[in-house]
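Notes follow the structure.
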2 protein chains.
Amino acid sequence: MNQSYNSTLLDNAVEQLSKLPGIGGKTALRLALFLLREDEEVAVSLGESLIAMRKNIQYCHKCHNISENETCEICSNPRRDPSVVCVVESVKDVLTIEATREFHGLYHVLGGVISPLDGVSPSDLEIDSLVERVKTEGIKEIILALNPTIEGDTTNFYIFRRLADTDVSISILARGISIGNELEYTDELTLGRSILNRVPFQKN
Amino acid sequence: MNQSYNSTLLDNAVEQLSKLPGIGGKTALRLALFLLREDEEVAVSLGESLIAMRKNIQYCHKCHNISENETCEICSNPRRDPSVVCVVESVKDVLTIEATREFHGLYHVLGGVISPLDGVSPSDLEIDSLVERVKTEGIKEIILALNPTIEGDTTNFYIFRRLADTDVSISILARGISIGNELEYTDELTLGRSILNRVPFQKN
């Protein structure tokens, strides 16, 4: 139960703000009082932009990334290479990979990873549509860019098996020590794997 | 300049969210993606509650606390004692003192403290209206509850002088060691003051 602040308008704003992840009652109150002190325009723009975003953003029918049209800006960009598709867990991962500016193909957002403990089975994810894309769109390479967790690896393996009867080549993100990190602070599993999977010097 | 996320709707929501204090670009993106995942109702209620709060909250004409009517709920509550007025810096301090449930009088929100460095002079604050209230409302006691800073002390002293020709009694919040704290970690100034201003044992 939230504390009451002698104003149902303020109470309501604080209650709604505290529903956001990582924002508790005290922070919500601080944000609400900030909006009360600032020009009316600040609160109105914020409120309207959140409502407009939620009401108008769609999902691309091809890659399931967020989009303002039926097909997203990435899928409809003629300068991107449609023969390479990067498979990611969520919309956020698309943004993260785009920020590297190293990938120029298309994406496929699964909407999660296989996780029996959380009740997520392959049919809850966009895996059938991925197989369909591989079979119909002339895709040459699939890059699996899921998080390096047990669930991510399970999903990688499931997708690998589902695509076994196609001739698409399947690659996975390189795993190893982080650039700029010290060996001393790298976890043993990652360091061990990066010794086993060492690469010829000139390739770096 | 904010990063662009291939959607002006998302860009705009992230930009507006990052204007909130303590919320940077990464947190703003996390909050926006959370609202996209949740039911439409969550984003709509949040947006509408912020706009409604900012547009409709007024300030009490008597004590300058936030209010939904001309006179706030505290000033218009017949069970509160109108002869004791607690002077605070901001609306937030009213909420903080109300949370203690130890005060049953009325408030007076100054809207700041005297601070020549920040260009805040007595005429920018609700000090004239406080003097007016003391002279016309039959107030018997003023409790100065400003923050224990140099600016707070300056403002305390200014109010004390302005009220010198009235017969209102003026008190100030007790200063001393915090309950539950260890002496070892109390700052020397506070500990020194609490030795000088020690009180008879039975009063605690």
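To be explicit about the labels: the chains of the structure tokens are called A, B, and onward in the order shown, and within each one the residues are counted from 1, while ligands get numbers from 1 in the order they are shown.
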Practice problem: Find the residues of chain A in contact range of chain B, meaning any atom within 8 Å when counting only C-alpha atoms, and list them as a PyMOL selection string. | Solution: chain A and resi 5-7+9-10+12-13+16-17+20-21+31-36+40+42-57+66-68+73-74+92+95
Got a sec to tell me which of chain B DSSP assigns to helix (DSSP H, G or I), as a CSV table (one decimal) with N, CA, C and O atoms, in the first residue's frame?
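Everything below was put into states.csv:
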```
chain,number,residue,atom,x,y,z
B,8,THR,N,10.8,7.1,-34.4
B,8,THR,CA,10.7,8.4,-33.8
B,8,THR,C,9.8,8.4,-32.6
B,8,THR,O,10.0,9.1,-31.6
B,9,LEU,N,8.9,7.5,-32.5
B,9,LEU,CA,8.0,7.3,-31.3
B,9,LEU,C,8.8,6.9,-30.1
B,9,LEU,O,8.7,7.5,-29.1
B,10,LEU,N,9.7,5.9,-30.3
B,10,LEU,CA,10.5,5.4,-29.2
B,10,LEU,C,11.5,6.5,-28.9
B,10,LEU,O,11.8,6.8,-27.7
B,11,ASP,N,12.2,7.1,-29.9
B,11,ASP,CA,13.2,8.1,-29.7
B,11,ASP,C,12.6,9.2,-28.8
B,11,ASP,O,13.2,9.7,-27.8
B,12,ASN,N,11.4,9.6,-29.1
B,12,ASN,CA,10.7,10.7,-28.4
B,12,ASN,C,10.4,10.4,-27.0
B,12,ASN,O,10.7,11.1,-26.0
B,13,ALA,N,9.9,9.2,-26.8
B,13,ALA,CA,9.6,8.7,-25.4
B,13,ALA,C,10.9,8.6,-24.6
B,13,ALA,O,10.9,9.1,-23.4
B,14,VAL,N,12.0,8.1,-25.2
B,14,VAL,CA,13.2,8.0,-24.4
B,14,VAL,C,13.8,9.4,-24.1
B,14,VAL,O,14.2,9.7,-23.0
B,15,GLU,N,13.6,10.3,-25.1
B,15,GLU,CA,14.1,11.7,-24.8
B,15,GLU,C,13.4,12.3,-23.7
B,15,GLU,O,14.0,13.0,-22.8
B,16,GLN,N,12.1,12.2,-23.7
B,16,GLN,CA,11.2,12.8,-22.6
B,16,GLN,C,11.5,12.2,-21.3
B,16,GLN,O,11.6,12.8,-20.2
B,17,LEU,N,11.7,10.8,-21.2
B,17,LEU,CA,12.0,10.1,-20.0
B,17,LEU,C,13.3,10.6,-19.4
B,17,LEU,O,13.5,10.7,-18.2
B,25,GLY,N,20.0,8.0,-20.4
B,25,GLY,CA,19.6,7.4,-21.6
B,25,GLY,C,19.3,5.9,-21.5
B,25,GLY,O,18.3,5.4,-22.0
B,26,LYS,N,20.2,5.1,-20.8
B,26,LYS,CA,20.0,3.7,-20.8
B,26,LYS,C,18.8,3.3,-20.0
B,26,LYS,O,18.0,2.4,-20.3
B,27,THR,N,18.6,4.0,-18.8
B,27,THR,CA,17.4,3.7,-18.0
B,27,THR,C,16.1,4.1,-18.7
B,27,THR,O,15.1,3.4,-18.7
B,28,ALA,N,16.2,5.3,-19.4
B,28,ALA,CA,15.0,5.7,-20.1
B,28,ALA,C,14.6,4.7,-21.2
B,28,ALA,O,13.4,4.4,-21.4
B,29,LEU,N,15.6,4.1,-21.9
B,29,LEU,CA,15.3,3.1,-22.9
B,29,LEU,C,14.7,1.8,-22.2
B,29,LEU,O,13.7,1.3,-22.7
B,30,ARG,N,15.2,1.5,-21.1
B,30,ARG,CA,14.7,0.3,-20.3
B,30,ARG,C,13.2,0.5,-20.0
B,30,ARG,O,12.4,-0.4,-20.1
B,31,LEU,N,12.9,1.7,-19.5
B,31,LEU,CA,11.6,2.0,-19.1
B,31,LEU,C,10.6,2.0,-20.3
B,31,LEU,O,9.5,1.5,-20.2
B,32,ALA,N,11.1,2.6,-21.4
B,32,ALA,CA,10.2,2.7,-22.6
B,32,ALA,C,10.0,1.3,-23.1
B,32,ALA,O,8.8,0.9,-23.4
B,33,LEU,N,11.0,0.4,-23.1
B,33,LEU,CA,10.8,-1.0,-23.6
B,33,LEU,C,9.9,-1.8,-22.7
B,33,LEU,O,9.1,-2.6,-23.1
B,34,PHE,N,10.0,-1.5,-21.4
B,34,PHE,CA,9.1,-2.1,-20.4
B,34,PHE,C,7.6,-1.7,-20.7
B,34,PHE,O,6.7,-2.6,-20.8
B,35,LEU,N,7.4,-0.4,-21.0
B,35,LEU,CA,6.0,0.0,-21.3
B,35,LEU,C,5.5,-0.6,-22.6
B,35,LEU,O,4.3,-0.8,-22.8
B,36,LEU,N,6.4,-0.8,-23.6
B,36,LEU,CA,6.0,-1.5,-24.8
B,36,LEU,C,5.6,-2.9,-24.6
B,36,LEU,O,4.7,-3.4,-25.2
B,37,ARG,N,6.3,-3.6,-23.6
B,37,ARG,CA,6.0,-5.0,-23.4
B,37,ARG,C,4.6,-5.2,-22.6
B,37,ARG,O,3.9,-6.1,-22.8
B,40,GLU,N,-1.3,-2.0,-22.9
B,40,GLU,CA,-1.4,-0.6,-23.3
B,40,GLU,C,-1.9,0.2,-22.1
B,40,GLU,O,-1.5,1.4,-22.0
B,41,GLU,N,-2.8,-0.3,-21.3
B,41,GLU,CA,-3.3,0.4,-20.1
B,41,GLU,C,-2.3,1.0,-19.2
B,41,GLU,O,-2.4,2.1,-18.7
B,42,VAL,N,-1.1,0.3,-19.1
B,42,VAL,CA,-0.1,0.7,-18.1
B,42,VAL,C,0.5,2.1,-18.6
B,42,VAL,O,0.6,3.0,-17.9
B,43,ALA,N,0.9,2.1,-19.9
B,43,ALA,CA,1.4,3.4,-20.4
B,43,ALA,C,0.4,4.5,-20.5
B,43,ALA,O,0.7,5.6,-20.1
B,44,VAL,N,-0.8,4.1,-20.8
B,44,VAL,CA,-1.9,5.2,-20.9
B,44,VAL,C,-2.2,5.7,-19.5
B,44,VAL,O,-2.3,7.0,-19.4
B,45,SER,N,-2.3,4.9,-18.5
B,45,SER,CA,-2.6,5.4,-17.2
B,45,SER,C,-1.5,6.3,-16.7
B,45,SER,O,-1.7,7.3,-16.0
B,46,LEU,N,-0.3,5.8,-16.9
B,46,LEU,CA,0.9,6.6,-16.4
B,46,LEU,C,0.9,8.0,-17.1
B,46,LEU,O,0.9,9.0,-16.4
B,47,GLY,N,0.8,8.0,-18.4
B,47,GLY,CA,0.8,9.2,-19.1
B,47,GLY,C,-0.3,10.2,-18.7
B,47,GLY,O,-0.1,11.4,-18.4
B,48,GLU,N,-1.5,9.6,-18.6
B,48,GLU,CA,-2.7,10.5,-18.2
B,48,GLU,C,-2.6,11.0,-16.8
B,48,GLU,O,-3.0,12.1,-16.5
B,49,SER,N,-2.1,10.1,-15.9
B,49,SER,CA,-2.0,10.6,-14.5
B,49,SER,C,-1.0,11.7,-14.3
B,49,SER,O,-1.2,12.6,-13.6
B,50,LEU,N,0.1,11.7,-15.1
B,50,LEU,CA,1.1,12.7,-15.0
B,50,LEU,C,0.5,14.1,-15.6
B,50,LEU,O,0.7,15.1,-15.0
B,51,ILE,N,-0.2,14.0,-16.7
B,51,ILE,CA,-0.8,15.2,-17.3
B,51,ILE,C,-1.8,15.7,-16.3
B,51,ILE,O,-1.9,17.0,-16.1
B,52,ALA,N,-2.7,14.9,-15.8
B,52,ALA,CA,-3.8,15.3,-14.9
B,52,ALA,C,-3.2,16.0,-13.7
B,52,ALA,O,-3.7,17.0,-13.3
B,53,MET,N,-2.2,15.4,-13.1
B,53,MET,CA,-1.6,15.9,-11.9
B,53,MET,C,-1.0,17.3,-12.2
B,53,MET,O,-1.4,18.3,-11.5
B,54,ARG,N,-0.2,17.4,-13.3
B,54,ARG,CA,0.4,18.7,-13.5
B,54,ARG,C,-0.6,19.8,-13.9
B,54,ARG,O,-0.5,21.0,-13.5
B,55,LYS,N,-1.7,19.4,-14.6
B,55,LYS,CA,-2.7,20.4,-15.0
B,55,LYS,C,-3.6,20.9,-13.9
B,55,LYS,O,-4.1,22.0,-13.9
B,56,ASN,N,-3.9,19.9,-13.0
B,56,ASN,CA,-5.0,20.2,-12.0
B,56,ASN,C,-4.5,20.6,-10.6
B,56,ASN,O,-5.3,21.1,-9.8
B,91,VAL,N,7.2,21.6,-0.4
B,91,VAL,CA,6.1,20.6,-0.3
B,91,VAL,C,6.5,19.3,0.2
B,91,VAL,O,5.8,18.6,1.0
B,92,LYS,N,7.7,18.9,-0.3
B,92,LYS,CA,8.2,17.6,0.1
B,92,LYS,C,8.4,17.5,1.7
B,92,LYS,O,8.2,16.4,2.2
B,93,ASP,N,8.8,18.6,2.3
B,93,ASP,CA,9.0,18.6,3.7
B,93,ASP,C,7.7,18.4,4.5
B,93,ASP,O,7.6,17.8,5.5
B,94,VAL,N,6.6,18.9,3.9
B,94,VAL,CA,5.3,18.7,4.5
B,94,VAL,C,5.0,17.2,4.5
B,94,VAL,O,4.6,16.7,5.5
B,95,LEU,N,5.3,16.5,3.4
B,95,LEU,CA,5.0,15.1,3.3
B,95,LEU,C,5.9,14.3,4.3
B,95,LEU,O,5.4,13.4,5.0
B,96,THR,N,7.1,14.8,4.4
B,96,THR,CA,8.1,14.1,5.3
B,96,THR,C,7.6,14.2,6.8
B,96,THR,O,7.6,13.3,7.6
B,97,ILE,N,7.2,15.4,7.2
B,97,ILE,CA,6.7,15.7,8.5
B,97,ILE,C,5.4,15.0,8.8
B,97,ILE,O,5.2,14.3,9.8
B,98,GLU,N,4.5,15.0,7.8
B,98,GLU,CA,3.2,14.3,7.9
B,98,GLU,C,3.4,12.8,8.2
B,98,GLU,O,2.7,12.1,8.9
B,99,ALA,N,4.5,12.2,7.6
B,99,ALA,CA,4.8,10.8,7.7
B,99,ALA,C,5.1,10.4,9.1
B,99,ALA,O,5.0,9.3,9.5
B,100,THR,N,5.6,11.4,9.9
B,100,THR,CA,6.0,11.1,11.3
B,100,THR,C,4.7,11.0,12.2
B,100,THR,O,4.8,10.4,13.3
B,116,PRO,N,21.7,34.1,-1.0
B,116,PRO,CA,22.2,35.2,-1.9
B,116,PRO,C,22.9,34.6,-3.1
B,116,PRO,O,22.8,35.1,-4.2
B,117,LEU,N,23.7,33.5,-2.9
B,117,LEU,CA,24.5,32.9,-4.0
B,117,LEU,C,23.6,32.4,-5.1
B,117,LEU,O,24.0,32.5,-6.3
B,118,ASP,N,22.4,31.9,-4.8
B,118,ASP,CA,21.5,31.4,-5.8
B,118,ASP,C,20.5,32.5,-6.2
B,118,ASP,O,19.6,32.3,-7.0
B,122,PRO,N,14.6,37.3,0.5
B,122,PRO,CA,13.4,37.1,1.3
B,122,PRO,C,12.1,37.4,0.5
B,122,PRO,O,11.1,36.7,0.7
B,123,SER,N,12.2,38.4,-0.5
B,123,SER,CA,11.0,38.7,-1.2
B,123,SER,C,10.5,37.6,-2.2
B,123,SER,O,9.4,37.6,-2.7
B,124,ASP,N,11.4,36.7,-2.5
B,124,ASP,CA,11.1,35.6,-3.4
B,124,ASP,C,10.3,34.5,-2.6
B,124,ASP,O,9.8,33.5,-3.2
B,127,ILE,N,7.4,34.8,2.9
B,127,ILE,CA,7.7,35.3,4.3
B,127,ILE,C,6.7,36.4,4.7
B,127,ILE,O,6.2,36.3,5.8
B,128,ASP,N,6.4,37.3,3.8
B,128,ASP,CA,5.4,38.3,4.1
B,128,ASP,C,4.1,37.7,4.4
B,128,ASP,O,3.4,38.1,5.4
B,129,SER,N,3.7,36.7,3.7
B,129,SER,CA,2.4,36.0,4.0
B,129,SER,C,2.4,35.3,5.3
B,129,SER,O,1.4,35.2,6.0
B,130,LEU,N,3.6,34.8,5.7
B,130,LEU,CA,3.7,34.2,7.0
B,130,LEU,C,3.5,35.2,8.1
B,130,LEU,O,2.7,35.0,9.1
B,131,VAL,N,4.2,36.4,8.0
B,131,VAL,CA,4.0,37.4,9.0
B,131,VAL,C,2.5,37.9,9.1
B,131,VAL,O,2.0,38.0,10.2
B,132,GLU,N,1.9,38.0,7.9
B,132,GLU,CA,0.5,38.3,7.8
B,132,GLU,C,-0.4,37.3,8.6
B,132,GLU,O,-1.3,37.7,9.3
B,133,ARG,N,-0.1,36.0,8.3
B,133,ARG,CA,-0.8,35.0,9.0
B,133,ARG,C,-0.7,35.1,10.5
B,133,ARG,O,-1.7,34.9,11.3
B,134,VAL,N,0.5,35.3,11.0
B,134,VAL,CA,0.8,35.4,12.4
B,134,VAL,C,0.0,36.5,13.0
B,134,VAL,O,-0.6,36.4,14.1
B,135,LYS,N,-0.1,37.6,12.3
B,135,LYS,CA,-0.8,38.8,12.8
B,135,LYS,C,-2.3,38.7,12.8
B,135,LYS,O,-3.0,39.4,13.5
B,136,THR,N,-2.9,37.9,11.9
B,136,THR,CA,-4.3,37.9,11.7
B,136,THR,C,-5.0,36.6,12.1
B,136,THR,O,-6.2,36.6,12.3
B,150,ILE,N,23.4,26.4,6.4
B,150,ILE,CA,23.7,27.8,6.6
B,150,ILE,C,22.5,28.6,6.1
B,150,ILE,O,22.0,29.5,6.7
B,151,GLU,N,22.0,28.2,4.9
B,151,GLU,CA,20.8,29.0,4.3
B,151,GLU,C,19.6,28.8,5.2
B,151,GLU,O,18.9,29.8,5.4
B,152,GLY,N,19.4,27.6,5.7
B,152,GLY,CA,18.2,27.4,6.6
B,152,GLY,C,18.4,28.2,7.8
B,152,GLY,O,17.4,28.9,8.3
B,153,ASP,N,19.6,28.3,8.4
B,153,ASP,CA,19.8,29.0,9.6
B,153,ASP,C,19.6,30.5,9.4
B,153,ASP,O,19.0,31.3,10.2
B,154,THR,N,20.1,31.0,8.2
B,154,THR,CA,19.9,32.4,7.9
B,154,THR,C,18.4,32.8,7.8
B,154,THR,O,18.0,33.8,8.3
B,155,THR,N,17.7,31.9,7.1
B,155,THR,CA,16.2,32.1,7.0
B,155,THR,C,15.5,32.1,8.3
B,155,THR,O,14.7,32.9,8.6
B,156,ASN,N,15.9,31.1,9.2
B,156,ASN,CA,15.4,31.1,10.5
B,156,ASN,C,15.6,32.4,11.2
B,156,ASN,O,14.6,32.9,11.8
B,157,PHE,N,16.8,32.9,11.1
B,157,PHE,CA,17.1,34.2,11.9
B,157,PHE,C,16.3,35.3,11.3
B,157,PHE,O,15.8,36.2,12.0
B,158,TYR,N,16.2,35.4,9.9
B,158,TYR,CA,15.4,36.4,9.3
B,158,TYR,C,13.9,36.4,9.8
B,158,TYR,O,13.4,37.4,10.1
B,159,ILE,N,13.4,35.2,9.8
B,159,ILE,CA,12.0,35.1,10.2
B,159,ILE,C,11.8,35.5,11.7
B,159,ILE,O,10.9,36.2,12.1
B,160,PHE,N,12.8,35.1,12.5
B,160,PHE,CA,12.8,35.4,13.9
B,160,PHE,C,12.7,36.9,14.1
B,160,PHE,O,12.0,37.4,14.9
B,161,ARG,N,13.6,37.6,13.3
B,161,ARG,CA,13.6,39.1,13.4
B,161,ARG,C,12.3,39.7,12.9
B,161,ARG,O,11.8,40.7,13.5
B,162,ARG,N,11.7,39.2,11.8
B,162,ARG,CA,10.5,39.8,11.3
B,162,ARG,C,9.3,39.6,12.2
B,162,ARG,O,8.4,40.3,12.2
B,183,LEU,N,27.5,6.6,18.2
B,183,LEU,CA,28.2,7.8,18.5
B,183,LEU,C,29.5,7.9,17.6
B,183,LEU,O,29.8,9.0,17.1
B,184,GLU,N,30.2,6.8,17.4
B,184,GLU,CA,31.4,6.8,16.6
B,184,GLU,C,31.2,7.4,15.2
B,184,GLU,O,32.1,8.0,14.7
B,185,TYR,N,30.0,7.2,14.7
B,185,TYR,CA,29.8,7.6,13.3
B,185,TYR,C,29.0,9.0,13.2
B,185,TYR,O,28.7,9.4,12.1
B,188,GLU,N,31.2,15.5,14.2
B,188,GLU,CA,31.7,16.1,15.5
B,188,GLU,C,30.8,17.3,15.8
B,188,GLU,O,30.6,17.6,17.0
B,189,LEU,N,30.4,18.1,14.8
B,189,LEU,CA,29.6,19.3,15.0
B,189,LEU,C,28.3,18.9,15.7
B,189,LEU,O,27.9,19.6,16.7
B,190,THR,N,27.6,17.9,15.2
B,190,THR,CA,26.3,17.5,15.8
B,190,THR,C,26.5,17.0,17.2
B,190,THR,O,25.8,17.3,18.1
B,191,LEU,N,27.6,16.1,17.4
B,191,LEU,CA,27.8,15.5,18.7
B,191,LEU,C,28.2,16.6,19.7
B,191,LEU,O,27.6,16.6,20.8
B,192,GLY,N,29.0,17.6,19.3
B,192,GLY,CA,29.4,18.7,20.1
B,192,GLY,C,28.2,19.5,20.6
B,192,GLY,O,28.0,19.8,21.8
B,193,ARG,N,27.3,19.8,19.6
B,193,ARG,CA,26.1,20.6,19.9
B,193,ARG,C,25.2,19.8,20.8
B,193,ARG,O,24.5,20.4,21.7
B,194,SER,N,25.1,18.5,20.7
B,194,SER,CA,24.2,17.7,21.5
B,194,SER,C,24.7,17.5,22.9
B,194,SER,O,24.0,17.2,23.8
B,195,ILE,N,26.0,17.7,23.1
B,195,ILE,CA,26.6,17.8,24.5
B,195,ILE,C,26.2,19.1,25.1
B,195,ILE,O,25.7,19.2,26.2
B,196,LEU,N,26.5,20.2,24.4
B,196,LEU,CA,26.2,21.5,24.9
B,196,LEU,C,24.7,21.6,25.2
B,196,LEU,O,24.3,22.2,26.3
B,201,PHE,N,17.5,13.9,31.9
B,201,PHE,CA,17.2,12.5,31.6
B,201,PHE,C,15.7,12.2,31.4
B,201,PHE,O,15.3,11.6,30.5
B,202,GLN,N,14.9,12.7,32.4
B,202,GLN,CA,13.5,12.3,32.4
B,202,GLN,C,12.7,12.9,31.2
B,202,GLN,O,11.6,12.4,30.9
B,203,LYS,N,13.3,13.9,30.5
B,203,LYS,CA,12.6,14.5,29.4
B,203,LYS,C,12.6,13.6,28.2
B,203,LYS,O,11.8,13.7,27.2
```
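DSSP secondary structure from the backbone places Gln58, Tyr59, Ile66, Ser67, Asp81 and Pro82 of chain A of stretch 5-82 of chain A in strand (DSSP E or B).
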Output the selection as an mmCIF file, in the first residue's frame - N, CA and C atoms for each residue.
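Generated file (again.cif):
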```cif
data_model
loop_
_atom_site.group_PDB
_atom_site.id
_atom_site.type_symbol
_atom_site.label_atom_id
_atom_site.label_comp_id
_atom_site.auth_asym_id
_atom_site.auth_seq_id
_atom_site.Cartn_x
_atom_site.Cartn_y
_atom_site.Cartn_z
ATOM 1 N N GLN A 58 4.118 -0.525 -33.837
ATOM 2 C CA GLN A 58 3.699 -1.861 -34.240
ATOM 3 C C GLN A 58 4.938 -2.749 -34.249
ATOM 4 N N TYR A 59 4.742 -3.998 -34.640
ATOM 5 C CA TYR A 59 5.880 -4.898 -34.778
ATOM 6 C C TYR A 59 5.976 -5.320 -36.232
ATOM 7 N N ILE A 66 10.408 -3.629 -33.323
ATOM 8 C CA ILE A 66 9.440 -2.537 -33.271
ATOM 9 C C ILE A 66 9.504 -1.739 -34.559
ATOM 10 N N SER A 67 8.380 -1.142 -34.911
ATOM 11 C CA SER A 67 8.270 -0.500 -36.210
ATOM 12 C C SER A 67 7.130 0.507 -36.173
ATOM 13 N N ASP A 81 21.900 -6.014 -46.208
ATOM 14 C CA ASP A 81 22.083 -7.285 -46.912
ATOM 15 C C ASP A 81 21.041 -8.300 -46.445
ATOM 16 N N PRO A 82 20.060 -8.658 -47.307
ATOM 17 C CA PRO A 82 18.995 -9.564 -46.855
ATOM 18 C C PRO A 82 19.421 -11.028 -46.789
#
```
Practice problem: For A:Lys62, list every protein, DNA or RNA residue within 8 Å, evaluated using only C-alpha atoms, and leave out those in the same chain fewer than 4 positions away; present the list as a VMD selection string. | Solution: chain A and resid 71 75 108
Quiz item: Which is closer to B:Ile172 than all the others in B:Ile143, B:Gly112, B:Pro148, B:Thr186, using only C-alpha atoms?
Solution: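 Ranking B:Ile143, B:Gly112, B:Pro148, B:Thr186 by distance to B:Ile172, first place goes to B:Ile143.
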Quiz item: Which one of A:Val120, A:Ile142, A:Cys63, A:Val199 sits closest to A:Ser171 if you count only C-alpha atoms?
Solution: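 Closest to A:Ser171 of all the choices is A:Ile142.
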Self-check item: Exercise: B:Leu110 partners within 8 Å, only C-alpha atoms, chain neighbours under 4 positions left out, as a PyMOL selection string
Solution: chain B and resi 64+87-90+125-127
How would the residues just picked look written out with all heavy atoms as a PDB file, in the first residue's frame?
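Resulting contents of selection_31.pdb:
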```pdb
ATOM      1  N   HIS B  64       0.292  27.403   0.982  1.00  0.00           N
ATOM      2  CA  HIS B  64       1.098  27.185  -0.224  1.00  0.00           C
ATOM      3  C   HIS B  64       1.550  25.739  -0.411  1.00  0.00           C
ATOM      4  O   HIS B  64       2.473  25.468  -1.175  1.00  0.00           O
ATOM      5  CB  HIS B  64       2.300  28.141  -0.281  1.00  0.00           C
ATOM      6  CG  HIS B  64       1.898  29.542   0.044  1.00  0.00           C
ATOM      7  ND1 HIS B  64       1.150  30.304  -0.799  1.00  0.00           N
ATOM      8  CD2 HIS B  64       2.086  30.288   1.159  1.00  0.00           C
ATOM      9  CE1 HIS B  64       0.900  31.476  -0.243  1.00  0.00           C
ATOM     10  NE2 HIS B  64       1.449  31.494   0.955  1.00  0.00           N
ATOM     11  N   VAL B  87       6.806  25.876   9.803  1.00  0.00           N
ATOM     12  CA  VAL B  87       7.336  26.532   8.610  1.00  0.00           C
ATOM     13  C   VAL B  87       8.343  25.608   7.931  1.00  0.00           C
ATOM     14  O   VAL B  87       9.327  25.199   8.561  1.00  0.00           O
ATOM     15  CB  VAL B  87       8.011  27.868   8.989  1.00  0.00           C
ATOM     16  CG1 VAL B  87       8.644  28.519   7.760  1.00  0.00           C
ATOM     17  CG2 VAL B  87       7.000  28.808   9.623  1.00  0.00           C
ATOM     18  N   VAL B  88       8.090  25.248   6.674  1.00  0.00           N
ATOM     19  CA  VAL B  88       8.994  24.346   5.961  1.00  0.00           C
ATOM     20  C   VAL B  88       9.435  24.975   4.651  1.00  0.00           C
ATOM     21  O   VAL B  88       8.840  25.945   4.172  1.00  0.00           O
ATOM     22  CB  VAL B  88       8.343  22.977   5.670  1.00  0.00           C
ATOM     23  CG1 VAL B  88       8.091  22.204   6.956  1.00  0.00           C
ATOM     24  CG2 VAL B  88       7.059  23.145   4.888  1.00  0.00           C
ATOM     25  N   GLU B  89      10.485  24.371   4.071  1.00  0.00           N
ATOM     26  CA  GLU B  89      11.045  24.911   2.839  1.00  0.00           C
ATOM     27  C   GLU B  89      10.185  24.540   1.623  1.00  0.00           C
ATOM     28  O   GLU B  89       9.908  25.363   0.777  1.00  0.00           O
ATOM     29  CB  GLU B  89      12.466  24.346   2.675  1.00  0.00           C
ATOM     30  CG  GLU B  89      13.204  24.866   1.484  1.00  0.00           C
ATOM     31  CD  GLU B  89      14.644  24.336   1.431  1.00  0.00           C
ATOM     32  OE1 GLU B  89      15.210  24.021   2.513  1.00  0.00           O
ATOM     33  OE2 GLU B  89      15.195  24.235   0.342  1.00  0.00           O
ATOM     34  N   SER B  90       9.777  23.250   1.543  1.00  0.00           N
ATOM     35  CA  SER B  90       9.126  22.783   0.318  1.00  0.00           C
ATOM     36  C   SER B  90       7.967  21.841   0.619  1.00  0.00           C
ATOM     37  O   SER B  90       7.811  21.356   1.741  1.00  0.00           O
ATOM     38  CB  SER B  90      10.143  22.054  -0.547  1.00  0.00           C
ATOM     39  OG  SER B  90      10.458  20.822   0.062  1.00  0.00           O
ATOM     40  N   LEU B 125      10.343  34.567  -1.292  1.00  0.00           N
ATOM     41  CA  LEU B 125       9.752  33.496  -0.480  1.00  0.00           C
ATOM     42  C   LEU B 125       8.441  33.968   0.142  1.00  0.00           C
ATOM     43  O   LEU B 125       8.134  35.160   0.158  1.00  0.00           O
ATOM     44  CB  LEU B 125      10.740  33.087   0.621  1.00  0.00           C
ATOM     45  CG  LEU B 125      12.140  32.723   0.132  1.00  0.00           C
ATOM     46  CD1 LEU B 125      13.059  32.476   1.311  1.00  0.00           C
ATOM     47  CD2 LEU B 125      12.084  31.510  -0.775  1.00  0.00           C
ATOM     48  N   GLU B 126       7.687  33.026   0.676  1.00  0.00           N
ATOM     49  CA  GLU B 126       6.385  33.356   1.271  1.00  0.00           C
ATOM     50  C   GLU B 126       6.573  33.792   2.720  1.00  0.00           C
ATOM     51  O   GLU B 126       5.952  33.247   3.643  1.00  0.00           O
ATOM     52  CB  GLU B 126       5.449  32.139   1.187  1.00  0.00           C
ATOM     53  CG  GLU B 126       5.059  31.744  -0.224  1.00  0.00           C
ATOM     54  CD  GLU B 126       4.150  32.771  -0.900  1.00  0.00           C
ATOM     55  OE1 GLU B 126       3.647  33.677  -0.192  1.00  0.00           O
ATOM     56  OE2 GLU B 126       3.976  32.679  -2.121  1.00  0.00           O
ATOM     57  N   ILE B 127       7.446  34.806   2.949  1.00  0.00           N
ATOM     58  CA  ILE B 127       7.702  35.259   4.318  1.00  0.00           C
ATOM     59  C   ILE B 127       6.715  36.359   4.712  1.00  0.00           C
ATOM     60  O   ILE B 127       6.165  36.348   5.811  1.00  0.00           O
ATOM     61  CB  ILE B 127       9.169  35.716   4.469  1.00  0.00           C
ATOM     62  CG1 ILE B 127      10.089  34.492   4.317  1.00  0.00           C
ATOM     63  CG2 ILE B 127       9.382  36.379   5.837  1.00  0.00           C
ATOM     64  CD1 ILE B 127      11.554  34.790   4.438  1.00  0.00           C
TER      65      ILE B 127
END
```
Practice problem: Using atom CA of A:Ile114 and atom CA of A:Glu70 as the two end points, give the distance in Å to one decimal. | Solution: 26.7 Å
Practice problem: Would you list the contacts of A:Lys140 as number ranges by chain, taking every protein, DNA or RNA residue within 9 Å and counting only C-alpha atoms, but skipping same-chain residues closer than 3 positions in sequence? | Solution: A: 82-85, 134, 167-170
Practice problem: In Å, rounded to a single decimal, give me how far atom CA of A:Ala174 is from atom CA of A:Pro78. | Solution: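 Rounded to one decimal, the two atoms are 27.7 Å apart.
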